[in-house]
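Taking it in order: structure first as structure tokens, then the write-up.
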Amino acid sequence: MDFKFGEKMNQVLETIKNRRSVRKFKKEQIKDSELETILEAAIYAPTALNEQPWQFTVIQNKELLDEINTVSKKTLAENPDSMKNLPESLINAMSNPKYNILYEAPTLIVVSGNKNAHAAIVDCSAAIQNMLLAAESMNIGSVWLGLVRPYFTTENVKKLNIPENFEPFYGVAFGYKLIEKSKPAPERKKDVVNYIQ
């Protein structure tokens, strides 16, 4: 598939193809205006029945980010079954004291969904994709994180001021890219479309 219109690639599709999961960040915090753009993109995601069932918790406090990393790693290490489906390279990394689940990104956004919504996790995932693309369009690195989920105990959900009827699904880390030039995209599977005409 060649996402081109004439000789020039469509800007949205170019951003989609250029986006990578970034795991090396500069210490410098992203600008407030950039953060607002990322959040605005999130709330314009498609949503079943227009329920807009999302809640975004922005964390930039270094002590809290370190706590989320430490608690998540400790909880995973104490529950080996929770890691059995992870790649071996990631399991090995978890035993390294220097490994940081958040990749030392300066901003983490926790994405939570309304428990009573029809398709909260789907809607929130669409919002996350919008955030990733908005970040890439501004040359800001991002990575979608599932390994922070062990942190979301009832006590910690209250600590993060997440509304009572909301469930935290994922974290998304943001920061300026330490390495500007991305590696080429991994080869994509081609035989994934079935046409019925």
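Note on naming: chains are A, B, ... as they come in the structure tokens, residues start from 1 per chain, ligands start from 1 in the order shown.
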
Surrounding residues of segment 35-39 of chain A excluding itself and chain neighbours under 3 positions, 8 Å, only C-alpha atoms, as a PyMOL selection string: chain A and resi 30-32+42-43+130-132+134-135

Write the residues of the preceding selection, restricted to N, CA and C atoms, as a CSV table (one decimal), in the first residue's frame.
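Saved as result-v3.csv:
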```
chain,number,residue,atom,x,y,z
A,30,ILE,N,8.3,19.0,28.4
A,30,ILE,CA,7.6,19.6,27.2
A,30,ILE,C,6.8,20.8,27.6
A,31,LYS,N,6.6,21.7,26.6
A,31,LYS,CA,5.9,23.0,26.9
A,31,LYS,C,4.4,22.7,27.2
A,32,ASP,N,3.9,23.6,28.0
A,32,ASP,CA,2.5,23.5,28.4
A,32,ASP,C,1.6,23.6,27.2
A,42,ALA,N,-6.7,14.3,22.1
A,42,ALA,CA,-7.3,13.1,22.7
A,42,ALA,C,-8.8,13.2,22.8
A,43,ILE,N,-9.3,14.4,23.2
A,43,ILE,CA,-10.7,14.6,23.4
A,43,ILE,C,-11.5,14.7,22.1
A,130,ASN,N,-4.7,9.2,19.1
A,130,ASN,CA,-4.7,10.6,18.7
A,130,ASN,C,-3.5,11.4,19.4
A,131,MET,N,-3.3,11.1,20.7
A,131,MET,CA,-2.2,11.7,21.5
A,131,MET,C,-0.9,11.4,20.9
A,132,LEU,N,-0.7,10.1,20.5
A,132,LEU,CA,0.6,9.7,19.9
A,132,LEU,C,0.9,10.4,18.6
A,134,ALA,N,-0.5,13.3,17.6
A,134,ALA,CA,-0.3,14.8,17.9
A,134,ALA,C,1.1,15.0,18.3
A,135,ALA,N,1.6,14.2,19.2
A,135,ALA,CA,3.0,14.3,19.7
A,135,ALA,C,4.0,14.2,18.6
```

All helix (DSSP H, G or I) residues (DSSP, backbone) inside chain A, as a ChimeraX atom specification: /A:11-18,32-43,48-50,62-78,80-83,88-94,120-137,149-151,154-159

Neighbouring residues of Ala127 of chain A were defined as those with any atom within 12 Å, considering only C-alpha atoms; residues of the same chain fewer than 4 positions away were excluded. Please report them as a VMD selection string. chain A and resid 38 to 47 52 to 56 109 to 113 120 to 123 131 to 134 144 169 to 172

I'd like the neighbourhood of segment 156-161 of chain A as a ChimeraX atom specification, where a residue qualifies if any of its atoms comes within 12 Å (using only C-alpha atoms), though same-chain residues fewer than 2 positions away should be ignored. /A:55-59,61,64-65,67-68,71-72,109-112,148-154,163-169

What are the DSSP strand (DSSP E) residues of chain A, as a VMD selection string? chain A and resid 4 to 5 8 to 9 54 to 59 107 to 114 140 to 145 166 to 176

Distance in Å - atom CA of Ile16 of chain A versus atom CA of Lys189 of chain A: 15.9 Å

Provide the atom CA of Glu63 of chain A to atom CA of Glu136 of chain A distance in Å, to one decimal place. 26.7 Å

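The interatomic distance for the pair atom CA of Asn69 of chain A and atom CA of Lys181 of chain A works out to 26.9 Å.
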
Compile the contact shell of Glu28 of chain A as number ranges by chain: residues with an atom at most 12 Å away, counting only C-alpha atoms, same-chain residues fewer than 4 positions apart removed. A: 60, 104-107, 140, 174-178

Near His118 of chain A, counting only C-alpha atoms, which residues have an atom at most 9 Å away, once you skip same-chain residues fewer than 3 positions from it, shown as a list in words? Ala48, Leu49, Glu51, Pro53, Asn114 and Lys115 of chain A
